[in-house]
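J.: For reference, this is target_38.pdb, and it has PDB, N, CA and C atoms.
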ATOM      1  N   MET S   1      37.246   2.534  -0.234
ATOM      2  CA  MET S   1      36.646   3.741   0.304
ATOM      3  C   MET S   1      35.758   3.381   1.497
ATOM      4  N   PRO S   2      35.775   4.191   2.503
ATOM      5  CA  PRO S   2      34.942   3.915   3.679
ATOM      6  C   PRO S   2      33.466   4.246   3.441
ATOM      7  N   LEU S   3      32.638   3.647   4.245
ATOM      8  CA  LEU S   3      31.197   3.886   4.153
ATOM      9  C   LEU S   3      30.867   5.362   4.343
ATOM     10  N   SER S   4      31.674   6.064   5.100
ATOM     11  CA  SER S   4      31.420   7.489   5.330
ATOM     12  C   SER S   4      31.506   8.304   4.037
ATOM     13  N   ASP S   5      32.092   7.739   2.977
ATOM     14  CA  ASP S   5      32.131   8.423   1.688
ATOM     15  C   ASP S   5      30.796   8.350   0.950
ATOM     16  N   LEU S   6      29.883   7.520   1.439
ATOM     17  CA  LEU S   6      28.551   7.423   0.835
ATOM     18  C   LEU S   6      27.689   8.539   1.420
ATOM     19  N   THR S   7      27.534   9.590   0.659
ATOM     20  CA  THR S   7      26.817  10.778   1.141
ATOM     21  C   THR S   7      25.653  11.169   0.246
ATOM     22  N   SER S   8      25.435  10.436  -0.828
ATOM     23  CA  SER S   8      24.421  10.805  -1.805
ATOM     24  C   SER S   8      23.118  10.033  -1.603
ATOM     25  N   PRO S   9      22.070  10.707  -1.149
ATOM     26  CA  PRO S   9      20.769  10.035  -1.067
ATOM     27  C   PRO S   9      20.310   9.520  -2.426
ATOM     28  N   ALA S  10      20.653  10.231  -3.495
ATOM     29  CA  ALA S  10      20.258   9.810  -4.838
ATOM     30  C   ALA S  10      20.897   8.470  -5.202
ATOM     31  N   ALA S  11      22.136   8.249  -4.790
ATOM     32  CA  ALA S  11      22.812   6.978  -5.070
ATOM     33  C   ALA S  11      22.139   5.838  -4.315
ATOM     34  N   VAL S  12      21.742   6.093  -3.090
ATOM     35  CA  VAL S  12      21.039   5.071  -2.302
ATOM     36  C   VAL S  12      19.691   4.758  -2.933
ATOM     37  N   LEU S  13      18.954   5.777  -3.314
ATOM     38  CA  LEU S  13      17.657   5.559  -3.949
ATOM     39  C   LEU S  13      17.805   4.823  -5.278
ATOM     40  N   ALA S  14      18.869   5.105  -6.013
ATOM     41  CA  ALA S  14      19.117   4.400  -7.275
ATOM     42  C   ALA S  14      19.405   2.921  -7.011
ATOM     43  N   ALA S  15      20.164   2.629  -5.969
ATOM     44  CA  ALA S  15      20.441   1.234  -5.617
ATOM     45  C   ALA S  15      19.158   0.526  -5.189
ATOM     46  N   LEU S  16      18.319   1.191  -4.420
ATOM     47  CA  LEU S  16      17.042   0.606  -4.018
ATOM     48  C   LEU S  16      16.158   0.330  -5.233
ATOM     49  N   ALA S  17      16.128   1.259  -6.169
ATOM     50  CA  ALA S  17      15.319   1.083  -7.374
ATOM     51  C   ALA S  17      15.841  -0.084  -8.211
ATOM     52  N   GLU S  18      17.152  -0.204  -8.304
ATOM     53  CA  GLU S  18      17.720  -1.329  -9.061
ATOM     54  C   GLU S  18      17.402  -2.649  -8.374
ATOM     55  N   PHE S  19      17.477  -2.682  -7.053
ATOM     56  CA  PHE S  19      17.118  -3.871  -6.279
ATOM     57  C   PHE S  19      15.680  -4.282  -6.610
ATOM     58  N   ASP S  20      14.771  -3.320  -6.613
ATOM     59  CA  ASP S  20      13.374  -3.595  -6.934
ATOM     60  C   ASP S  20      13.224  -4.110  -8.363
ATOM     61  N   ALA S  21      13.935  -3.496  -9.293
ATOM     62  CA  ALA S  21      13.815  -3.865 -10.703
ATOM     63  C   ALA S  21      14.371  -5.266 -10.976
ATOM     64  N   ARG S  22      15.501  -5.593 -10.371
ATOM     65  CA  ARG S  22      16.131  -6.891 -10.599
ATOM     66  C   ARG S  22      15.497  -8.001  -9.758
ATOM     67  N   GLY S  23      15.037  -7.619  -8.581
ATOM     68  CA  GLY S  23      14.611  -8.616  -7.602
ATOM     69  C   GLY S  23      15.802  -8.957  -6.717
ATOM     70  N   ARG S  24      15.508  -9.375  -5.498
ATOM     71  CA  ARG S  24      16.559  -9.586  -4.500
ATOM     72  C   ARG S  24      17.628 -10.574  -4.958
ATOM     73  N   ASP S  25      17.204 -11.765  -5.361
ATOM     74  CA  ASP S  25      18.175 -12.805  -5.703
ATOM     75  C   ASP S  25      19.090 -12.387  -6.846
ATOM     76  N   GLN S  26      18.518 -11.831  -7.894
ATOM     77  CA  GLN S  26      19.325 -11.423  -9.041
ATOM     78  C   GLN S  26      20.238 -10.250  -8.689
ATOM     79  N   PHE S  27      19.743  -9.309  -7.887
ATOM     80  CA  PHE S  27      20.557  -8.167  -7.467
ATOM     81  C   PHE S  27      21.771  -8.649  -6.681
ATOM     82  N   LEU S  28      21.538  -9.512  -5.688
ATOM     83  CA  LEU S  28      22.638 -10.008  -4.868
ATOM     84  C   LEU S  28      23.629 -10.804  -5.707
ATOM     85  N   GLU S  29      23.130 -11.644  -6.594
ATOM     86  CA  GLU S  29      24.013 -12.451  -7.439
ATOM     87  C   GLU S  29      24.818 -11.571  -8.391
ATOM     88  N   HIS S  30      24.155 -10.594  -8.986
ATOM     89  CA  HIS S  30      24.822  -9.707  -9.944
ATOM     90  C   HIS S  30      26.021  -8.997  -9.305
ATOM     91  N   TYR S  31      25.852  -8.542  -8.075
ATOM     92  CA  TYR S  31      26.911  -7.786  -7.408
ATOM     93  C   TYR S  31      27.774  -8.635  -6.475
ATOM     94  N   GLY S  32      27.449  -9.910  -6.331
ATOM     95  CA  GLY S  32      28.287 -10.800  -5.538
ATOM     96  C   GLY S  32      28.114 -10.686  -4.035
ATOM     97  N   PHE S  33      26.944 -10.277  -3.590
ATOM     98  CA  PHE S  33      26.675 -10.163  -2.159
ATOM     99  C   PHE S  33      25.886 -11.373  -1.668
ATOM    100  N   ALA S  34      26.158 -11.760  -0.440
ATOM    101  CA  ALA S  34      25.366 -12.799   0.223
ATOM    102  C   ALA S  34      24.139 -12.140   0.846
ATOM    103  N   PRO S  35      23.089 -12.903   1.072
ATOM    104  CA  PRO S  35      21.910 -12.330   1.732
ATOM    105  C   PRO S  35      22.240 -11.817   3.135
ATOM    106  N   ALA S  36      21.606 -10.745   3.516
ATOM    107  CA  ALA S  36      21.785 -10.193   4.864
ATOM    108  C   ALA S  36      21.193 -11.163   5.887
ATOM    109  N   ARG S  37      21.832 -11.223   7.042
ATOM    110  CA  ARG S  37      21.323 -12.072   8.116
ATOM    111  C   ARG S  37      20.728 -11.254   9.246
ATOM    112  N   SER S  38      21.235 -10.051   9.437
ATOM    113  CA  SER S  38      20.806  -9.269  10.599
ATOM    114  C   SER S  38      20.341  -7.852  10.282
ATOM    115  N   TYR S  39      20.995  -7.206   9.342
ATOM    116  CA  TYR S  39      20.739  -5.781   9.135
ATOM    117  C   TYR S  39      20.078  -5.527   7.785
ATOM    118  N   PHE S  40      18.964  -4.815   7.854
ATOM    119  CA  PHE S  40      18.201  -4.499   6.660
ATOM    120  C   PHE S  40      17.871  -3.011   6.657
ATOM    121  N   ILE S  41      17.634  -2.495   5.479
ATOM    122  CA  ILE S  41      17.142  -1.133   5.303
ATOM    123  C   ILE S  41      15.652  -1.251   5.027
ATOM    124  N   GLU S  42      14.853  -0.475   5.729
ATOM    125  CA  GLU S  42      13.421  -0.442   5.453
ATOM    126  C   GLU S  42      13.117   0.849   4.711
ATOM    127  N   HIS S  43      12.464   0.701   3.573
ATOM    128  CA  HIS S  43      12.119   1.866   2.752
ATOM    129  C   HIS S  43      10.765   1.605   2.118
ATOM    130  N   ASN S  44       9.832   2.486   2.359
ATOM    131  CA  ASN S  44       8.467   2.353   1.818
ATOM    132  C   ASN S  44       7.868   0.977   2.099
ATOM    133  N   GLY S  45       8.115   0.463   3.280
ATOM    134  CA  GLY S  45       7.533  -0.808   3.695
ATOM    135  C   GLY S  45       8.255  -2.052   3.210
ATOM    136  N   ALA S  46       9.284  -1.896   2.395
ATOM    137  CA  ALA S  46      10.060  -3.038   1.897
ATOM    138  C   ALA S  46      11.389  -3.107   2.661
ATOM    139  N   HIS S  47      11.978  -4.302   2.690
ATOM    140  CA  HIS S  47      13.252  -4.504   3.373
ATOM    141  C   HIS S  47      14.326  -4.874   2.358
ATOM    142  N   TYR S  48      15.504  -4.285   2.536
ATOM    143  CA  TYR S  48      16.617  -4.444   1.603
ATOM    144  C   TYR S  48      17.871  -4.867   2.373
ATOM    145  N   ASP S  49      18.703  -5.665   1.735
ATOM    146  CA  ASP S  49      19.956  -6.122   2.338
ATOM    147  C   ASP S  49      20.904  -4.927   2.461
ATOM    148  N   SER S  50      21.245  -4.575   3.695
ATOM    149  CA  SER S  50      21.948  -3.315   3.941
ATOM    150  C   SER S  50      23.331  -3.238   3.302
ATOM    151  N   LYS S  51      24.143  -4.292   3.434
ATOM    152  CA  LYS S  51      25.498  -4.240   2.856
ATOM    153  C   LYS S  51      25.440  -4.130   1.341
ATOM    154  N   ALA S  52      24.541  -4.869   0.736
ATOM    155  CA  ALA S  52      24.429  -4.835  -0.720
ATOM    156  C   ALA S  52      24.014  -3.449  -1.195
ATOM    157  N   ILE S  53      23.032  -2.871  -0.549
ATOM    158  CA  ILE S  53      22.574  -1.533  -0.947
ATOM    159  C   ILE S  53      23.678  -0.506  -0.736
ATOM    160  N   ALA S  54      24.340  -0.565   0.400
ATOM    161  CA  ALA S  54      25.429   0.386   0.660
ATOM    162  C   ALA S  54      26.555   0.225  -0.361
ATOM    163  N   GLY S  55      26.911  -1.008  -0.664
ATOM    164  CA  GLY S  55      27.988  -1.253  -1.614
ATOM    165  C   GLY S  55      27.646  -0.767  -3.017
ATOM    166  N   VAL S  56      26.449  -1.069  -3.459
ATOM    167  CA  VAL S  56      26.041  -0.643  -4.798
ATOM    168  C   VAL S  56      25.875   0.865  -4.852
ATOM    169  N   ALA S  57      25.292   1.452  -3.832
ATOM    170  CA  ALA S  57      25.130   2.906  -3.789
ATOM    171  C   ALA S  57      26.485   3.606  -3.792
ATOM    172  N   HIS S  58      27.424   3.044  -3.066
ATOM    173  CA  HIS S  58      28.780   3.602  -3.041
ATOM    174  C   HIS S  58      29.363   3.607  -4.444
ATOM    175  N   GLY S  59      29.182   2.506  -5.162
ATOM    176  CA  GLY S  59      29.667   2.433  -6.537
ATOM    177  C   GLY S  59      28.967   3.400  -7.466
ATOM    178  N   LYS S  60      27.697   3.645  -7.233
ATOM    179  CA  LYS S  60      26.954   4.595  -8.054
ATOM    180  C   LYS S  60      27.421   6.025  -7.789
ATOM    181  N   GLN S  61      27.739   6.331  -6.540
ATOM    182  CA  GLN S  61      28.220   7.674  -6.202
ATOM    183  C   GLN S  61      29.664   7.883  -6.659
ATOM    184  N   HIS S  62      30.481   6.828  -6.548
ATOM    185  CA  HIS S  62      31.914   6.908  -6.886
ATOM    186  C   HIS S  62      32.238   5.850  -7.936
ATOM    187  N   PRO S  63      31.857   6.066  -9.188
ATOM    188  CA  PRO S  63      32.010   5.023 -10.206
ATOM    189  C   PRO S  63      33.437   4.742 -10.661
ATOM    190  N   HIS S  64      34.396   5.457 -10.187
ATOM    191  CA  HIS S  64      35.779   5.298 -10.653
ATOM    192  C   HIS S  64      36.433   4.090 -10.047
TER
END
Can you give me the file's structure in the form of structure tokens?
T.:
Amino acid sequence: MPLSDLTSPAAVLAALAEFDARGRDQFLEHYGFAPARSYFIEHNGAHYDSKAIAGVAHGKQHPH
């Protein structure tokens, strides 16, 4: 599915919350993502790995 299918702010916020709960290293390892090198999401003063958040949020919105 393309990134354009990610339309749910709630799914993104859920991915951000899970990232916070697990911690960066465990979140990335759990979902199989490498650390971001260039692109990050800034939310409430924290920085998140953009591909990992988008990928996990996509899965939360489209769990099938």
J.: Kindly resolve the PyMOL selection byres ((chain S and resi 28-35) around 8) on the present coordinates and return the residues as a PyMOL selection string.
T.: chain S and resi 19+22-27+36-39+49-52+56
J.: With distances taken over all atoms listed in the file, which residue among S:Phe40, S:His47, S:His58, S:His64 lies nearest Ser8 in chain S?
T.: S:His58
J.: For Ala10 in chain S, which of S:Tyr48, S:Gln61, S:Ile53, S:Glu42 is the closest residue, counting only N, CA and C atoms?
T.: S:Gln61
J.: Quick check, in Å to one decimal: how far apart do CA of Leu13 in chain S and CA of Ala57 in chain S lie?
T.: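 Rounded to one decimal, the two atoms are 7.9 Å apart.
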J.: For the atom pair CA of Ala46 in chain S and CA of Pro2 in chain S, what is the interatomic distance in Å to one decimal place?
T.: 25.9 Å
J.: Give, as AutoDock Vina command-line options, the centre coordinates and the x, y and z edge lengths in Å to one decimal for an axis-aligned box around all listed atoms of range 15-25 of chain S, padded by 4 Å on each side.
T.:
--center_x 16.8 --center_y -5.1 --center_z -7.5 --size_x 15.2 --size_y 23.4 --size_z 15.0
J.: Interatomic distance between atom C of Gly59 in chain S and atom N of Ala15 in chain S?
T.: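 Separating atom C of Gly59 in chain S from atom N of Ala15 in chain S is a distance of 9.0 Å.
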J.: Pull the helix (DSSP H, G or I) assignments for chain S out of DSSP run on the backbone, and list those residues as JSON, numbers by chain.
T.: {"S": [3, 4, 5, 9, 10, 11, 12, 13, 14, 15, 16, 17, 18, 19, 20, 21, 22, 24, 25, 26, 27, 28, 29, 30, 31, 50, 51, 52, 53, 54, 55, 56, 57, 58, 59, 60, 61]}
J.: Give the strand (DSSP E) residues of chain S, as assigned by DSSP on the backbone, as an NGL selection string.
T.: :S and (40-43 or 46-49)
J.: Missing atoms in range 29-40 of chain S need filling: write out all heavy atoms for it as a PDB file, keeping the file's coordinate frame.
T.:
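Done, and the output landed in out_4.pdb:
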ATOM      1  N   GLU S  29      23.130 -11.644  -6.594  1.00  0.00           N
ATOM      2  CA  GLU S  29      24.013 -12.451  -7.439  1.00  0.00           C
ATOM      3  C   GLU S  29      24.818 -11.571  -8.391  1.00  0.00           C
ATOM      4  O   GLU S  29      26.024 -11.771  -8.564  1.00  0.00           O
ATOM      5  CB  GLU S  29      23.189 -13.463  -8.238  1.00  0.00           C
ATOM      6  CG  GLU S  29      24.042 -14.384  -9.081  1.00  0.00           C
ATOM      7  CD  GLU S  29      23.227 -15.409  -9.828  1.00  0.00           C
ATOM      8  OE1 GLU S  29      22.165 -15.827  -9.323  1.00  0.00           O
ATOM      9  OE2 GLU S  29      23.648 -15.795 -10.937  1.00  0.00           O
ATOM     10  N   HIS S  30      24.155 -10.594  -8.986  1.00  0.00           N
ATOM     11  CA  HIS S  30      24.822  -9.707  -9.944  1.00  0.00           C
ATOM     12  C   HIS S  30      26.021  -8.997  -9.305  1.00  0.00           C
ATOM     13  O   HIS S  30      27.060  -8.853  -9.936  1.00  0.00           O
ATOM     14  CB  HIS S  30      23.822  -8.689 -10.489  1.00  0.00           C
ATOM     15  CG  HIS S  30      24.409  -7.729 -11.466  1.00  0.00           C
ATOM     16  ND1 HIS S  30      24.655  -8.072 -12.786  1.00  0.00           N
ATOM     17  CD2 HIS S  30      24.815  -6.439 -11.334  1.00  0.00           C
ATOM     18  CE1 HIS S  30      25.186  -7.034 -13.405  1.00  0.00           C
ATOM     19  NE2 HIS S  30      25.289  -6.033 -12.544  1.00  0.00           N
ATOM     20  N   TYR S  31      25.852  -8.542  -8.075  1.00  0.00           N
ATOM     21  CA  TYR S  31      26.911  -7.786  -7.408  1.00  0.00           C
ATOM     22  C   TYR S  31      27.774  -8.635  -6.475  1.00  0.00           C
ATOM     23  O   TYR S  31      28.723  -8.126  -5.881  1.00  0.00           O
ATOM     24  CB  TYR S  31      26.317  -6.597  -6.647  1.00  0.00           C
ATOM     25  CG  TYR S  31      25.821  -5.525  -7.590  1.00  0.00           C
ATOM     26  CD1 TYR S  31      24.464  -5.342  -7.817  1.00  0.00           C
ATOM     27  CD2 TYR S  31      26.714  -4.712  -8.268  1.00  0.00           C
ATOM     28  CE1 TYR S  31      24.010  -4.365  -8.686  1.00  0.00           C
ATOM     29  CE2 TYR S  31      26.272  -3.732  -9.140  1.00  0.00           C
ATOM     30  CZ  TYR S  31      24.922  -3.565  -9.348  1.00  0.00           C
ATOM     31  OH  TYR S  31      24.485  -2.591 -10.216  1.00  0.00           O
ATOM     32  N   GLY S  32      27.449  -9.910  -6.331  1.00  0.00           N
ATOM     33  CA  GLY S  32      28.287 -10.800  -5.538  1.00  0.00           C
ATOM     34  C   GLY S  32      28.114 -10.686  -4.035  1.00  0.00           C
ATOM     35  O   GLY S  32      29.039 -10.985  -3.281  1.00  0.00           O
ATOM     36  N   PHE S  33      26.944 -10.277  -3.590  1.00  0.00           N
ATOM     37  CA  PHE S  33      26.675 -10.163  -2.159  1.00  0.00           C
ATOM     38  C   PHE S  33      25.886 -11.373  -1.668  1.00  0.00           C
ATOM     39  O   PHE S  33      25.056 -11.914  -2.396  1.00  0.00           O
ATOM     40  CB  PHE S  33      25.870  -8.896  -1.840  1.00  0.00           C
ATOM     41  CG  PHE S  33      26.666  -7.632  -1.922  1.00  0.00           C
ATOM     42  CD1 PHE S  33      26.672  -6.872  -3.078  1.00  0.00           C
ATOM     43  CD2 PHE S  33      27.414  -7.195  -0.845  1.00  0.00           C
ATOM     44  CE1 PHE S  33      27.404  -5.706  -3.170  1.00  0.00           C
ATOM     45  CE2 PHE S  33      28.158  -6.024  -0.913  1.00  0.00           C
ATOM     46  CZ  PHE S  33      28.152  -5.281  -2.084  1.00  0.00           C
ATOM     47  N   ALA S  34      26.158 -11.760  -0.440  1.00  0.00           N
ATOM     48  CA  ALA S  34      25.366 -12.799   0.223  1.00  0.00           C
ATOM     49  C   ALA S  34      24.139 -12.140   0.846  1.00  0.00           C
ATOM     50  O   ALA S  34      24.148 -10.933   1.123  1.00  0.00           O
ATOM     51  CB  ALA S  34      26.196 -13.484   1.304  1.00  0.00           C
ATOM     52  N   PRO S  35      23.089 -12.903   1.072  1.00  0.00           N
ATOM     53  CA  PRO S  35      21.910 -12.330   1.732  1.00  0.00           C
ATOM     54  C   PRO S  35      22.240 -11.817   3.135  1.00  0.00           C
ATOM     55  O   PRO S  35      23.076 -12.392   3.838  1.00  0.00           O
ATOM     56  CB  PRO S  35      20.936 -13.509   1.815  1.00  0.00           C
ATOM     57  CG  PRO S  35      21.383 -14.456   0.762  1.00  0.00           C
ATOM     58  CD  PRO S  35      22.877 -14.289   0.678  1.00  0.00           C
ATOM     59  N   ALA S  36      21.606 -10.745   3.516  1.00  0.00           N
ATOM     60  CA  ALA S  36      21.785 -10.193   4.864  1.00  0.00           C
ATOM     61  C   ALA S  36      21.193 -11.163   5.887  1.00  0.00           C
ATOM     62  O   ALA S  36      20.195 -11.825   5.617  1.00  0.00           O
ATOM     63  CB  ALA S  36      21.106  -8.837   4.976  1.00  0.00           C
ATOM     64  N   ARG S  37      21.832 -11.223   7.042  1.00  0.00           N
ATOM     65  CA  ARG S  37      21.323 -12.072   8.116  1.00  0.00           C
ATOM     66  C   ARG S  37      20.728 -11.254   9.246  1.00  0.00           C
ATOM     67  O   ARG S  37      19.821 -11.715   9.933  1.00  0.00           O
ATOM     68  CB  ARG S  37      22.447 -12.958   8.661  1.00  0.00           C
ATOM     69  CG  ARG S  37      22.881 -14.016   7.663  1.00  0.00           C
ATOM     70  CD  ARG S  37      23.941 -14.884   8.252  1.00  0.00           C
ATOM     71  NE  ARG S  37      25.227 -14.226   7.985  1.00  0.00           N
ATOM     72  CZ  ARG S  37      26.356 -14.544   8.551  1.00  0.00           C
ATOM     73  NH1 ARG S  37      26.403 -15.493   9.457  1.00  0.00           N
ATOM     74  NH2 ARG S  37      27.449 -13.917   8.242  1.00  0.00           N
ATOM     75  N   SER S  38      21.235 -10.051   9.437  1.00  0.00           N
ATOM     76  CA  SER S  38      20.806  -9.269  10.599  1.00  0.00           C
ATOM     77  C   SER S  38      20.341  -7.852  10.282  1.00  0.00           C
ATOM     78  O   SER S  38      19.418  -7.358  10.914  1.00  0.00           O
ATOM     79  CB  SER S  38      21.954  -9.161  11.605  1.00  0.00           C
ATOM     80  OG  SER S  38      22.342 -10.435  12.048  1.00  0.00           O
ATOM     81  N   TYR S  39      20.995  -7.206   9.342  1.00  0.00           N
ATOM     82  CA  TYR S  39      20.739  -5.781   9.135  1.00  0.00           C
ATOM     83  C   TYR S  39      20.078  -5.527   7.785  1.00  0.00           C
ATOM     84  O   TYR S  39      20.575  -5.957   6.750  1.00  0.00           O
ATOM     85  CB  TYR S  39      22.037  -4.976   9.236  1.00  0.00           C
ATOM     86  CG  TYR S  39      22.657  -5.080  10.594  1.00  0.00           C
ATOM     87  CD1 TYR S  39      23.714  -5.938  10.836  1.00  0.00           C
ATOM     88  CD2 TYR S  39      22.150  -4.345  11.663  1.00  0.00           C
ATOM     89  CE1 TYR S  39      24.271  -6.062  12.101  1.00  0.00           C
ATOM     90  CE2 TYR S  39      22.686  -4.448  12.927  1.00  0.00           C
ATOM     91  CZ  TYR S  39      23.756  -5.307  13.143  1.00  0.00           C
ATOM     92  OH  TYR S  39      24.289  -5.423  14.388  1.00  0.00           O
ATOM     93  N   PHE S  40      18.964  -4.815   7.854  1.00  0.00           N
ATOM     94  CA  PHE S  40      18.201  -4.499   6.660  1.00  0.00           C
ATOM     95  C   PHE S  40      17.871  -3.011   6.657  1.00  0.00           C
ATOM     96  O   PHE S  40      17.824  -2.370   7.701  1.00  0.00           O
ATOM     97  CB  PHE S  40      16.897  -5.309   6.621  1.00  0.00           C
ATOM     98  CG  PHE S  40      17.132  -6.787   6.493  1.00  0.00           C
ATOM     99  CD1 PHE S  40      17.310  -7.569   7.628  1.00  0.00           C
ATOM    100  CD2 PHE S  40      17.202  -7.379   5.253  1.00  0.00           C
ATOM    101  CE1 PHE S  40      17.540  -8.926   7.520  1.00  0.00           C
ATOM    102  CE2 PHE S  40      17.442  -8.740   5.132  1.00  0.00           C
ATOM    103  CZ  PHE S  40      17.604  -9.516   6.274  1.00  0.00           C
TER     104      PHE S  40
END
